[in-house]
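start-v1.json (JSON, C-alpha atoms and all ligand atoms) appears below.
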```json
[["chain", "number", "residue", "atom", "x", "y", "z"],
["T", 1, "LEU", "CA", -13.30, 66.49, -25.76],
["T", 2, "LEU", "CA", -9.69, 65.41, -26.18],
["T", 3, "LEU", "CA", -9.36, 65.17, -22.40],
["T", 4, "VAL", "CA", -12.44, 62.92, -22.16],
["T", 5, "PHE", "CA", -11.06, 60.76, -24.96],
["T", 6, "LEU", "CA", -7.69, 60.41, -23.20],
["T", 7, "LEU", "CA", -9.44, 59.56, -19.92],
["T", 8, "LEU", "CA", -11.52, 56.89, -21.63],
["T", 9, "MET", "CA", -8.33, 55.46, -23.19],
["T", 10, "VAL", "CA", -6.65, 55.26, -19.77],
["T", 11, "VAL", "CA", -9.72, 53.52, -18.27],
["T", 12, "PHE", "CA", -9.79, 51.11, -21.23],
["T", 13, "ILE", "CA", -6.06, 50.27, -20.92],
["T", 14, "VAL", "CA", -6.25, 49.77, -17.14],
["T", 15, "ASN", "CA", -9.29, 47.53, -17.56],
["T", 16, "ALA", "CA", -7.61, 45.55, -20.32],
["T", 17, "GLN", "CA", -4.57, 45.05, -18.08],
["T", 18, "ASN", "CA", -6.71, 43.91, -15.18],
["T", 19, "ARG", "CA", -8.54, 41.47, -17.41],
["T", 20, "ARG", "CA", -5.22, 40.08, -18.60],
["T", 21, "SER", "CA", -3.81, 39.61, -15.12],
["T", 22, "ASN", "CA", -5.97, 36.61, -14.18],
["T", 23, "PRO", "CA", -5.29, 33.86, -14.80],
["T", 24, "ILE", "CA", -1.58, 34.64, -14.79],
["T", 25, "VAL", "CA", -0.69, 31.94, -17.32],
["T", 26, "SER", "CA", -2.79, 31.06, -20.34],
["T", 27, "HIS", "CA", -0.47, 28.93, -22.53],
["T", 28, "MET", "CA", -0.46, 25.98, -20.10],
["T", 29, "PHE", "CA", -2.23, 24.76, -16.98],
["T", 30, "THR", "CA", -0.66, 25.64, -13.63],
["T", 31, "ALA", "CA", -1.63, 25.02, -9.99],
["T", 32, "ASP", "CA", -0.45, 25.23, -6.36],
["T", 33, "ALA", "CA", 1.17, 28.66, -6.65],
["T", 34, "THR", "CA", 3.87, 29.56, -4.15],
["T", 35, "ALA", "CA", 4.74, 33.24, -4.62],
["T", 36, "ARG", "CA", 8.03, 34.65, -3.36],
["T", 37, "VAL", "CA", 9.68, 38.07, -3.66],
["T", 38, "TRP", "CA", 13.45, 38.01, -3.91],
["T", 39, "GLU", "CA", 16.07, 40.71, -3.65],
["T", 40, "ASP", "CA", 15.87, 41.65, -7.33],
["T", 41, "GLU", "CA", 12.41, 43.12, -6.53],
["T", 42, "ARG", "CA", 10.71, 40.63, -8.81],
["T", 43, "LEU", "CA", 7.89, 38.40, -7.72],
["T", 44, "TYR", "CA", 8.40, 34.72, -8.59],
["T", 45, "VAL", "CA", 5.67, 32.12, -8.72],
["T", 46, "TYR", "CA", 6.62, 28.47, -8.21],
["T", 47, "PRO", "CA", 3.62, 26.40, -9.33],
["T", 48, "SER", "CA", 3.07, 22.81, -10.39],
["T", 49, "THR", "CA", 2.05, 21.91, -13.94],
["T", 50, "ASP", "CA", -1.26, 20.33, -14.94],
["T", 51, "ILE", "CA", -1.27, 18.29, -18.13],
["T", 52, "ALA", "CA", -3.88, 19.04, -20.82],
["T", 53, "GLY", "CA", -6.10, 16.09, -21.72],
["T", 54, "THR", "CA", -5.28, 14.12, -18.58],
["T", 55, "ARG", "CA", -7.79, 12.67, -16.11],
["T", 56, "SER", "CA", -5.50, 12.38, -13.14],
["T", 57, "TYR", "CA", -3.16, 14.41, -10.95],
["T", 58, "SER", "CA", -0.68, 11.53, -11.26],
["T", 59, "THR", "CA", 0.46, 12.82, -14.66],
["T", 60, "MET", "CA", 1.62, 16.20, -13.29],
["T", 61, "ASP", "CA", 5.21, 16.72, -14.42],
["T", 62, "GLY", "CA", 7.88, 19.28, -15.36],
["T", 63, "TYR", "CA", 7.88, 22.43, -13.23],
["T", 64, "HIS", "CA", 7.96, 25.92, -14.76],
["T", 65, "ILE", "CA", 8.67, 29.19, -12.93],
["T", 66, "PHE", "CA", 7.03, 32.53, -13.71],
["T", 67, "SER", "CA", 8.12, 36.01, -12.65],
["T", 68, "THR", "CA", 6.98, 39.60, -12.93],
["T", 69, "GLU", "CA", 7.99, 43.09, -11.87],
["T", 70, "ASP", "CA", 4.55, 44.68, -12.26],
["T", 71, "LEU", "CA", 1.95, 41.88, -11.88],
["T", 72, "ILE", "CA", 0.91, 42.54, -15.49],
["T", 73, "THR", "CA", 3.66, 41.12, -17.67],
["T", 74, "TRP", "CA", 4.74, 37.62, -16.68],
["T", 75, "LYS", "CA", 7.88, 35.85, -17.85],
["T", 76, "ASP", "CA", 7.82, 32.06, -18.26],
["T", 77, "HIS", "CA", 11.33, 30.88, -17.33],
["T", 78, "GLY", "CA", 10.62, 27.54, -18.98],
["T", 79, "GLU", "CA", 10.78, 24.05, -17.57],
["T", 80, "ILE", "CA", 13.29, 24.00, -14.72],
["T", 81, "LEU", "CA", 12.86, 20.46, -13.47],
["T", 82, "HIS", "CA", 11.28, 17.25, -14.75],
["T", 83, "SER", "CA", 10.69, 13.85, -13.18],
["T", 84, "ARG", "CA", 13.35, 12.43, -15.50],
["T", 85, "ASP", "CA", 15.90, 14.55, -13.57],
["T", 86, "VAL", "CA", 15.04, 12.73, -10.34],
["T", 87, "SER", "CA", 17.17, 9.58, -10.10],
["T", 88, "TRP", "CA", 15.27, 8.19, -7.08],
["T", 89, "GLY", "CA", 11.83, 8.94, -8.53],
["T", 90, "TRP", "CA", 8.93, 6.75, -9.64],
["T", 91, "ARG", "CA", 10.01, 5.08, -12.91],
["T", 92, "LYS", "CA", 6.89, 6.17, -14.80],
["T", 93, "GLY", "CA", 7.40, 9.85, -13.95],
["T", 94, "GLY", "CA", 4.57, 12.23, -13.09],
["T", 95, "TYR", "CA", 3.69, 12.92, -9.43],
["T", 96, "MET", "CA", 5.48, 16.27, -9.37],
["T", 97, "TRP", "CA", 3.09, 18.06, -7.00],
["T", 98, "ALA", "CA", 2.93, 21.36, -5.15],
["T", 99, "PRO", "CA", 6.45, 22.90, -4.80],
["T", 100, "ASP", "CA", 7.98, 25.66, -2.70],
["T", 101, "CYS", "CA", 11.20, 27.65, -2.92],
["T", 102, "VAL", "CA", 13.15, 29.56, -0.27],
["T", 103, "TYR", "CA", 16.41, 31.52, -0.30],
["T", 104, "LYS", "CA", 19.20, 31.07, 2.24],
["T", 105, "ASP", "CA", 22.84, 32.16, 2.19],
["T", 106, "GLY", "CA", 23.08, 32.68, -1.56],
["T", 107, "ILE", "CA", 21.23, 29.49, -2.52],
["T", 108, "TYR", "CA", 17.65, 28.94, -3.69],
["T", 109, "TYR", "CA", 16.21, 25.72, -2.27],
["T", 110, "TYR", "CA", 13.40, 24.24, -4.34],
["T", 111, "PHE", "CA", 11.23, 21.68, -2.50],
["T", 112, "PHE", "CA", 9.03, 19.35, -4.53],
["T", 113, "PRO", "CA", 6.86, 16.40, -3.45],
["T", 114, "HIS", "CA", 7.51, 13.42, -5.67],
["T", 115, "LYS", "CA", 6.92, 9.67, -5.40],
["T", 116, "ASN", "CA", 10.02, 7.53, -5.00],
["T", 117, "ALA", "CA", 10.86, 4.23, -6.70],
["T", 118, "LYS", "CA", 8.53, 2.46, -4.24],
["T", 119, "LYS", "CA", 5.77, 4.95, -5.03],
["T", 120, "ILE", "CA", 5.99, 6.61, -1.62],
["T", 121, "TRP", "CA", 5.98, 10.41, -1.29],
["T", 122, "GLU", "CA", 9.30, 12.10, -0.61],
["T", 123, "ILE", "CA", 10.07, 15.81, -0.37],
["T", 124, "GLY", "CA", 12.69, 16.37, -3.04],
["T", 125, "VAL", "CA", 15.25, 19.18, -2.75],
["T", 126, "ALA", "CA", 16.90, 20.92, -5.70],
["T", 127, "THR", "CA", 19.24, 23.90, -5.41],
["T", 128, "SER", "CA", 20.49, 26.73, -7.57],
["T", 129, "ARG", "CA", 22.33, 30.03, -7.21],
["T", 130, "LYS", "CA", 19.62, 31.58, -9.41],
["T", 131, "PRO", "CA", 15.91, 31.96, -8.59],
["T", 132, "ALA", "CA", 14.52, 30.55, -11.84],
["T", 133, "SER", "CA", 17.09, 28.31, -13.54],
["T", 134, "ASP", "CA", 19.93, 25.81, -13.09],
["T", 135, "PHE", "CA", 18.25, 23.78, -10.33],
["T", 136, "GLU", "CA", 19.98, 20.51, -9.53],
["T", 137, "VAL", "CA", 18.37, 17.74, -7.52],
["T", 138, "GLN", "CA", 20.28, 17.09, -4.28],
["T", 139, "GLY", "CA", 18.08, 14.33, -2.86],
["T", 140, "TYR", "CA", 15.14, 14.38, -0.48],
["T", 141, "ILE", "CA", 14.46, 15.42, 3.09],
["T", 142, "LYS", "CA", 15.37, 12.70, 5.58],
["T", 143, "GLY", "CA", 12.45, 12.27, 7.96],
["T", 144, "GLY", "CA", 9.98, 13.65, 5.43],
["T", 145, "GLU", "CA", 8.92, 10.32, 3.92],
["T", 146, "THR", "CA", 5.16, 9.98, 3.15],
["T", 147, "PHE", "CA", 4.63, 13.76, 3.49],
["T", 148, "CYS", "CA", 3.33, 15.90, 0.63],
["T", 149, "ASP", "CA", 2.75, 19.61, -0.11],
["T", 150, "PRO", "CA", 5.92, 20.98, 1.56],
["T", 151, "ASN", "CA", 6.11, 24.57, 2.72],
["T", 152, "VAL", "CA", 9.29, 26.00, 4.23],
["T", 153, "PHE", "CA", 9.30, 29.10, 6.40],
["T", 154, "ILE", "CA", 12.49, 30.87, 7.58],
["T", 155, "ASP", "CA", 11.90, 32.98, 10.66],
["T", 156, "ASP", "CA", 13.61, 36.31, 11.42],
["T", 157, "ASP", "CA", 15.98, 34.53, 13.84],
["T", 158, "GLY", "CA", 17.14, 32.20, 11.04],
["T", 159, "GLU", "CA", 15.29, 29.10, 12.33],
["T", 160, "ILE", "CA", 13.85, 27.05, 9.49],
["T", 161, "TYR", "CA", 10.51, 25.22, 9.63],
["T", 162, "LEU", "CA", 9.03, 22.58, 7.35],
["T", 163, "TYR", "CA", 5.25, 22.16, 7.09],
["T", 164, "ALA", "CA", 3.76, 19.27, 5.16],
["T", 165, "VAL", "CA", 0.70, 17.09, 4.90],
["T", 166, "VAL", "CA", -0.20, 13.46, 5.42],
["T", 167, "ASP", "CA", -3.72, 12.00, 5.69],
["T", 168, "ALA", "CA", -5.21, 15.47, 5.28],
["T", 169, "LYS", "CA", -3.49, 16.76, 8.43],
["T", 170, "CYS", "CA", -0.73, 19.32, 8.78],
["T", 171, "TYR", "CA", 2.55, 18.44, 10.52],
["T", 172, "ALA", "CA", 5.67, 20.52, 11.08],
["T", 173, "ALA", "CA", 9.22, 20.38, 12.41],
["T", 174, "LYS", "CA", 12.41, 22.40, 12.39],
["T", 175, "LEU", "CA", 14.63, 21.83, 9.38],
["T", 176, "LYS", "CA", 18.35, 21.53, 9.93],
["T", 177, "ASP", "CA", 20.65, 24.14, 8.40],
["T", 178, "ASN", "CA", 21.50, 21.76, 5.54],
["T", 179, "MET", "CA", 17.81, 21.93, 4.49],
["T", 180, "MET", "CA", 17.85, 18.16, 3.91],
["T", 181, "GLU", "CA", 17.03, 16.77, 7.38],
["T", 182, "ILE", "CA", 14.36, 17.50, 9.94],
["T", 183, "GLU", "CA", 15.19, 17.94, 13.62],
["T", 184, "GLY", "CA", 13.23, 15.47, 15.73],
["T", 185, "GLU", "CA", 9.85, 14.45, 14.36],
["T", 186, "MET", "CA", 7.08, 16.02, 12.34],
["T", 187, "VAL", "CA", 4.45, 17.13, 14.88],
["T", 188, "HIS", "CA", 0.72, 17.58, 14.23],
["T", 189, "GLN", "CA", -0.22, 21.27, 14.12],
["T", 190, "ILE", "CA", -2.97, 21.81, 16.68],
["T", 191, "GLY", "CA", -5.61, 24.36, 15.68],
["T", 192, "THR", "CA", -5.53, 23.64, 11.95],
["T", 193, "ASP", "CA", -8.27, 20.99, 12.12],
["T", 194, "GLU", "CA", -10.14, 22.11, 9.01],
["T", 195, "HIS", "CA", -6.90, 21.62, 7.12],
["T", 196, "ARG", "CA", -6.95, 19.35, 4.08],
["T", 197, "GLU", "CA", -3.75, 20.08, 2.14],
["T", 198, "GLY", "CA", -1.31, 22.77, 0.97],
["T", 199, "PRO", "CA", -0.26, 24.73, 4.10],
["T", 200, "PHE", "CA", 1.51, 28.06, 3.67],
["T", 201, "VAL", "CA", 3.03, 29.91, 6.64],
["T", 202, "PHE", "CA", 4.08, 33.55, 6.80],
["T", 203, "LYS", "CA", 4.77, 36.17, 9.46],
["T", 204, "ARG", "CA", 3.35, 39.68, 9.71],
["T", 205, "LYS", "CA", 3.85, 42.14, 12.55],
["T", 206, "GLY", "CA", 5.15, 39.41, 14.88],
["T", 207, "LYS", "CA", 2.22, 37.00, 14.29],
["T", 208, "TYR", "CA", 2.43, 33.70, 12.43],
["T", 209, "TYR", "CA", -0.26, 32.86, 9.89],
["T", 210, "MET", "CA", -1.02, 29.52, 8.25],
["T", 211, "ILE", "CA", -3.40, 29.47, 5.28],
["T", 212, "TYR", "CA", -4.79, 26.14, 4.08],
["T", 213, "PRO", "CA", -7.60, 24.65, 1.98],
["T", 214, "ASP", "CA", -10.36, 23.01, 4.02],
["T", 215, "HIS", "CA", -12.64, 19.99, 3.52],
["T", 216, "HIS", "CA", -15.57, 22.00, 2.18],
["T", 217, "ARG", "CA", -17.53, 20.07, -0.46],
["T", 218, "PRO", "CA", -18.01, 19.99, -3.35],
["T", 219, "TYR", "CA", -15.21, 22.55, -3.60],
["T", 220, "ASN", "CA", -12.55, 23.45, -1.03],
["T", 221, "GLU", "CA", -12.39, 26.91, 0.51],
["T", 222, "MET", "CA", -9.38, 28.74, 1.94],
["T", 223, "GLN", "CA", -9.10, 29.12, 5.72],
["T", 224, "TYR", "CA", -6.41, 30.37, 8.08],
["T", 225, "SER", "CA", -5.13, 30.10, 11.64],
["T", 226, "MET", "CA", -2.87, 32.40, 13.64],
["T", 227, "SER", "CA", -0.26, 31.78, 16.33],
["T", 228, "ASP", "CA", 2.46, 33.42, 18.42],
["T", 229, "ASN", "CA", 4.72, 30.47, 17.67],
["T", 230, "PRO", "CA", 5.76, 28.96, 14.31],
["T", 231, "LEU", "CA", 4.98, 25.46, 15.61],
["T", 232, "GLY", "CA", 1.63, 26.43, 17.10],
["T", 233, "PRO", "CA", -0.70, 25.83, 18.78],
["T", 234, "TRP", "CA", -2.75, 27.70, 16.21],
["T", 235, "GLU", "CA", -6.00, 29.56, 16.64],
["T", 236, "PRO", "CA", -8.45, 28.89, 13.80],
["T", 237, "LYS", "CA", -9.69, 32.16, 12.28],
["T", 238, "GLY", "CA", -12.01, 30.89, 9.56],
["T", 239, "LEU", "CA", -12.53, 31.61, 5.90],
["T", 240, "ILE", "CA", -10.56, 33.99, 3.71],
["T", 241, "MET", "CA", -11.75, 32.81, 0.31],
["T", 242, "GLU", "CA", -14.95, 31.09, -0.66],
["T", 243, "GLN", "CA", -15.06, 28.07, -2.91],
["T", 244, "ASN", "CA", -13.83, 28.21, -6.47],
["T", 245, "ASP", "CA", -15.00, 25.91, -9.24],
["T", 246, "LEU", "CA", -12.58, 23.08, -8.34],
["T", 247, "ILE", "CA", -12.19, 20.39, -5.71],
["T", 248, "THR", "CA", -8.69, 21.65, -4.80],
["T", 249, "MET", "CA", -7.62, 25.04, -3.48],
["T", 250, "HIS", "CA", -3.95, 25.63, -2.76],
["T", 251, "GLY", "CA", -2.12, 28.92, -2.43],
["T", 252, "SER", "CA", 0.28, 31.31, -0.76],
["T", 253, "MET", "CA", 0.35, 34.85, 0.50],
["T", 254, "VAL", "CA", 3.06, 37.43, -0.14],
["T", 255, "GLU", "CA", 3.72, 41.16, 0.24],
["T", 256, "PHE", "CA", 4.86, 42.83, -2.96],
["T", 257, "LYS", "CA", 5.58, 46.56, -3.26],
["T", 258, "GLY", "CA", 3.59, 47.34, -0.12],
["T", 259, "GLN", "CA", 0.48, 45.29, -0.95],
["T", 260, "TRP", "CA", -0.37, 41.74, 0.19],
["T", 261, "TYR", "CA", -1.72, 39.19, -2.31],
["T", 262, "LEU", "CA", -3.21, 35.71, -2.20],
["T", 263, "PHE", "CA", -2.06, 33.40, -4.99],
["T", 264, "TYR", "CA", -4.39, 30.47, -5.65],
["T", 265, "HIS", "CA", -5.81, 28.42, -8.51],
["T", 266, "ASN", "CA", -9.15, 27.91, -10.19],
["T", 267, "GLY", "CA", -10.57, 26.36, -13.36],
["T", 268, "SER", "CA", -11.07, 29.60, -15.26],
["T", 269, "LEU", "CA", -9.09, 28.52, -18.32],
["T", 270, "SER", "CA", -10.41, 24.96, -18.62],
["T", 271, "GLY", "CA", -14.01, 25.68, -17.69],
["T", 272, "GLY", "CA", -13.72, 23.98, -14.31],
["T", 273, "ILE", "CA", -11.76, 20.81, -15.12],
["T", 274, "SER", "CA", -10.27, 19.76, -11.77],
["T", 275, "VAL", "CA", -7.00, 18.55, -13.23],
["T", 276, "ASN", "CA", -6.55, 21.54, -15.55],
["T", 277, "ARG", "CA", -6.09, 24.45, -13.19],
["T", 278, "SER", "CA", -4.88, 28.04, -13.57],
["T", 279, "ILE", "CA", -3.05, 30.23, -11.09],
["T", 280, "CYS", "CA", -4.53, 33.61, -10.14],
["T", 281, "PHE", "CA", -3.94, 36.30, -7.53],
["T", 282, "ASP", "CA", -6.03, 38.89, -5.73],
["T", 283, "PRO", "CA", -5.23, 41.59, -3.14],
["T", 284, "VAL", "CA", -5.46, 40.85, 0.58],
["T", 285, "TYR", "CA", -6.40, 43.36, 3.28],
["T", 286, "PHE", "CA", -5.78, 43.01, 7.02],
["T", 287, "ASN", "CA", -7.87, 44.39, 9.87],
["T", 288, "GLU", "CA", -6.29, 46.45, 12.66],
["T", 289, "ASP", "CA", -6.15, 43.36, 14.92],
["T", 290, "GLY", "CA", -4.19, 41.41, 12.29],
["T", 291, "THR", "CA", -7.08, 39.26, 11.09],
["T", 292, "ILE", "CA", -7.57, 38.88, 7.36],
["T", 293, "GLN", "CA", -10.56, 40.29, 5.50],
["T", 294, "MET", "CA", -12.51, 38.05, 3.16],
["T", 295, "ILE", "CA", -10.77, 38.11, -0.22],
["T", 296, "LYS", "CA", -12.73, 39.15, -3.29],
["T", 297, "LYS", "CA", -12.05, 36.89, -6.27],
["T", 298, "SER", "CA", -11.64, 38.68, -9.56],
["T", 299, "LEU", "CA", -12.50, 35.47, -11.46],
["T", 300, "GLY", "CA", -14.34, 32.26, -10.73],
["U", 1, "LIG", "O1", -1.60, 19.56, -7.42],
["U", 1, "LIG", "C1", -1.65, 18.28, -6.85],
["U", 1, "LIG", "C2", -2.25, 18.36, -5.49],
["U", 1, "LIG", "O2", -3.56, 18.93, -5.59],
["U", 1, "LIG", "C3", -1.51, 19.27, -4.56],
["U", 1, "LIG", "O3", -0.36, 18.72, -4.03],
["U", 1, "LIG", "C4", -2.59, 19.56, -3.60],
["U", 1, "LIG", "O4", -2.32, 20.60, -2.70],
["U", 1, "LIG", "C5", -3.74, 19.85, -4.52],
["U", 1, "LIG", "O5", -3.73, 21.14, -5.02]]
```
Starting from the coordinates I provided, produce the structure as structure tokens.
Amino acid sequence: LLLVFLLLMVVFIVNAQNRRSNPIVSHMFTADATARVWEDERLYVYPSTDIAGTRSYSTMDGYHIFSTEDLITWKDHGEILHSRDVSWGWRKGGYMWAPDCVYKDGIYYYFFPHKNAKKIWEIGVATSRKPASDFEVQGYIKGGETFCDPNVFIDDDGEIYLYAVVDAKCYAAKLKDNMMEIEGEMVHQIGTDEHREGPFVFKRKGKYYMIYPDHHRPYNEMQYSMSDNPLGPWEPKGLIMEQNDLITMHGSMVEFKGQWYLFYHNGSLSGGISVNRSICFDPVYFNEDGTIQMIKKSLG
């Protein structure tokens, strides 16, 4: 009897933990999750912040960072950057949209789309020697004007690529070593035609993957393309996650402790309010040929 009781307790605790894991954050609204695993074996999520009570994405402001070592307990590292820290930014603040962060030569580079004093999108760059604090704004990427939703991918050979969006199309270029200038011009990424916003590129077993939200209405779905080259052309591979309860879908994919995960957002905390989103994650499984299996959502 005692054994049965203990077994029931274990099942109860595991279930309770699973229930707690999504959404990741429940004390504020978060969206556009970029997940990264750094050398300290922690997983960091770099999301944007949705403002309670707002009616518009224009009010989004003040980035937080969250991290975990077990996908159960999450640490909020607090607000690490606000529009008031951006000297060249739109005077009324807000417009701090989907960020990314990469690590290179001892420095964490935080990329954030923000409107400049003329209300035109720039890709801001802030740096720190730590993954979740002390970020200082360095400026914005030259050649990245009007682009939004930056994603930076560093290949095994050290080449750096910037992906970003304008007019619901994905463009990309090499980034110079200084991380502040693109080489040449942003080029349209062929084979990502269903793309609407928020690209995220990663590499697995020598293949390049780009995941992106599509134009599906009323709610976006998550699709992906694959390539042998980080600048394409890409081969569209179709859906990996069906629609959530929101018009936007934006996410990232990362391997953590031997398992791949998709990070994304939905309206689970707000009851489906488009501008009050919550970040979630679910496991991802690959087929033998490298294609991605449809992802089962644990919520929404
Ligand atoms: O969060 C603001 C915008 O909504 C992002 O930049 C888009 O990707 C969409 O999620």
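Among T:Ala33, T:Ile120, T:Met9, T:Ala172, the residue with the shortest atom-to-atom distance to T:Pro47, counting all atoms listed in the file, is T:Ala33.
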TODO: Report as a ChimeraX atom specification which protein, DNA and RNA residues come within 10 Å of ligand LIG 1 (chain U), using all atoms listed in the file.
DONE: /T:30-33,47-50,56-60,95-99,112-114,148-150,165,168,196-199,212-213,220,246-251,264-265,274-277
Written selection (C-alpha atoms) as a compact mmCIF listing (two decimals), keeping the file's coordinate frame:
```
# COMPACT_ATOMS: atom_id res chain seq x y z
CA THR T 30 -0.66 25.64 -13.63
CA ALA T 31 -1.63 25.02 -9.99
CA ASP T 32 -0.45 25.23 -6.36
CA ALA T 33 1.17 28.66 -6.65
CA PRO T 47 3.62 26.40 -9.33
CA SER T 48 3.07 22.81 -10.39
CA THR T 49 2.05 21.91 -13.94
CA ASP T 50 -1.26 20.33 -14.94
CA SER T 56 -5.50 12.38 -13.14
CA TYR T 57 -3.16 14.41 -10.95
CA SER T 58 -0.68 11.53 -11.26
CA THR T 59 0.46 12.82 -14.66
CA MET T 60 1.62 16.20 -13.29
CA TYR T 95 3.69 12.92 -9.43
CA MET T 96 5.48 16.27 -9.37
CA TRP T 97 3.09 18.06 -7.00
CA ALA T 98 2.93 21.36 -5.15
CA PRO T 99 6.45 22.90 -4.80
CA PHE T 112 9.03 19.35 -4.53
CA PRO T 113 6.86 16.40 -3.45
CA HIS T 114 7.51 13.42 -5.67
CA CYS T 148 3.33 15.90 0.63
CA ASP T 149 2.75 19.61 -0.11
CA PRO T 150 5.92 20.98 1.56
CA VAL T 165 0.70 17.09 4.90
CA ALA T 168 -5.21 15.47 5.28
CA ARG T 196 -6.95 19.35 4.08
CA GLU T 197 -3.75 20.08 2.14
CA GLY T 198 -1.31 22.77 0.97
CA PRO T 199 -0.26 24.73 4.10
CA TYR T 212 -4.79 26.14 4.08
CA PRO T 213 -7.60 24.65 1.98
CA ASN T 220 -12.55 23.45 -1.03
CA LEU T 246 -12.58 23.08 -8.34
CA ILE T 247 -12.19 20.39 -5.71
CA THR T 248 -8.69 21.65 -4.80
CA MET T 249 -7.62 25.04 -3.48
CA HIS T 250 -3.95 25.63 -2.76
CA GLY T 251 -2.12 28.92 -2.43
CA TYR T 264 -4.39 30.47 -5.65
CA HIS T 265 -5.81 28.42 -8.51
CA SER T 274 -10.27 19.76 -11.77
CA VAL T 275 -7.00 18.55 -13.23
CA ASN T 276 -6.55 21.54 -15.55
CA ARG T 277 -6.09 24.45 -13.19
```
Within 10 Å of stretch 184-195 of chain T: each stretch 233-282 of chain T residue with its shortest pair, all atoms listed in the file, as CSV:
```
residue,atom,partner,partner_atom,distance
T:Pro233,CA,T:Ile190,CA,5.1
T:Trp234,CA,T:Gly191,CA,4.4
T:Glu235,CA,T:Gly191,CA,5.3
T:Pro236,CA,T:Gly191,CA,5.7
T:Lys237,CA,T:Gly191,CA,9.4
T:Gly238,CA,T:Glu194,CA,9.0
```
TODO: Would you please work out which residue, of T:Met222, T:Phe281, T:Leu43, T:Lys203, is nearest to T:Ser298 when using all atoms listed in the file?
DONE: T:Phe281
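Between atom CA of T:Val102 and atom CA of T:Ser26 lies a distance of 25.7 Å.
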Open item on the list: Within 9 Å of (-6.9, 39.2, -7.2) (file coordinates; all atoms listed in the file), which protein or nucleic acid residues are there? I'd like them as a list in words.
Closed with: Ser21, Asn22, Tyr261, Leu262, Phe263, Cys280, Phe281, Asp282, Pro283, Val284, Ile295, Lys296, Lys297, Ser298 and Leu299 of chain T
- [ ] Show which residues sit within 8 Å of T:Val166, as a PyMOL selection string. Count all atoms listed in the file, and ignore same-chain residues fewer than 5 positions away.
- [x] chain T and resi 146-148+171
Is it possible to get the axis-aligned box enclosing stretch 261-276 of chain T (all listed atoms, 4 Å extra per side) as lines of an AutoDock Vina configuration file, with centre and edge lengths in Å rounded to one decimal?
```
center_x = -7.9
center_y = 28.9
center_z = -10.4
size_x = 20.3
size_y = 28.6
size_z = 24.4
```
Task: Among listed residues T:Tyr140, T:Tyr108, T:Tyr161, T:Trp74, nearest T:Lys174 (using only C-alpha atoms) - done: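 Of T:Tyr140, T:Tyr108, T:Tyr161, T:Trp74, the one nearest T:Lys174, counting only C-alpha atoms, is T:Tyr161.
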Open item on the list: For a test of reading the model, state the distance in Å between atom CA of T:Gly272 and atom CA of T:Met210, rounded to one decimal.
Closed with: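 For atom CA of T:Gly272 relative to atom CA of T:Met210, the distance reads 26.5 Å.
Our summary of the geometry notes that atom CA of T:Phe153 is positioned 6.9 Å from atom CA of T:Phe202.
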Open item on the list: Counting only C-alpha atoms, which residues have an atom no more than 12 Å from (5.5, 47.9, -3.3) in the file's coordinates? Please list them as a ChimeraX atom specification.
Closed with: /T:37,41-43,69-71,254-261
TODO: Find the residues near T:Asp245: any atom within 7 Å, counting all atoms listed in the file, skip ones fewer than 2 places away on the same chain, and give them as a ChimeraX atom specification.
DONE: /T:219,243,266-267,272,300
Task: Given all atoms listed in the file as the counted atoms, nearest of T:Arg217, T:Lys205, T:Val86, T:Arg91 to T:Asp156 - done: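 Closest residue, counting all atoms listed in the file: T:Lys205.
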TODO: Have a look at T:Glu122, T:Glu159, T:Glu288, T:Glu39 and name the one nearest to T:Ile141; count only C-alpha atoms.
DONE: T:Glu122
Task: Using all atoms listed in the file: which of T:Ala35, T:Leu162, T:Ile24, T:Val45 has the shortest distance to T:Thr73 - done: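 Nearest to T:Thr73: T:Ile24.
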Open item on the list: Taking 3 positions as the minimum chain separation for residues in the same chain, which residues sit within 10 Å of T:Gly78 when counting only C-alpha atoms? Answer as a PyMOL selection string.
Closed with: chain T and resi 62-66+75+81+132-133
TODO: Show which residues sit within 8 Å of T:Gln293, as a ChimeraX atom specification. Count all atoms listed in the file, and ignore same-chain residues fewer than 3 positions away.
DONE: /T:240,284-287
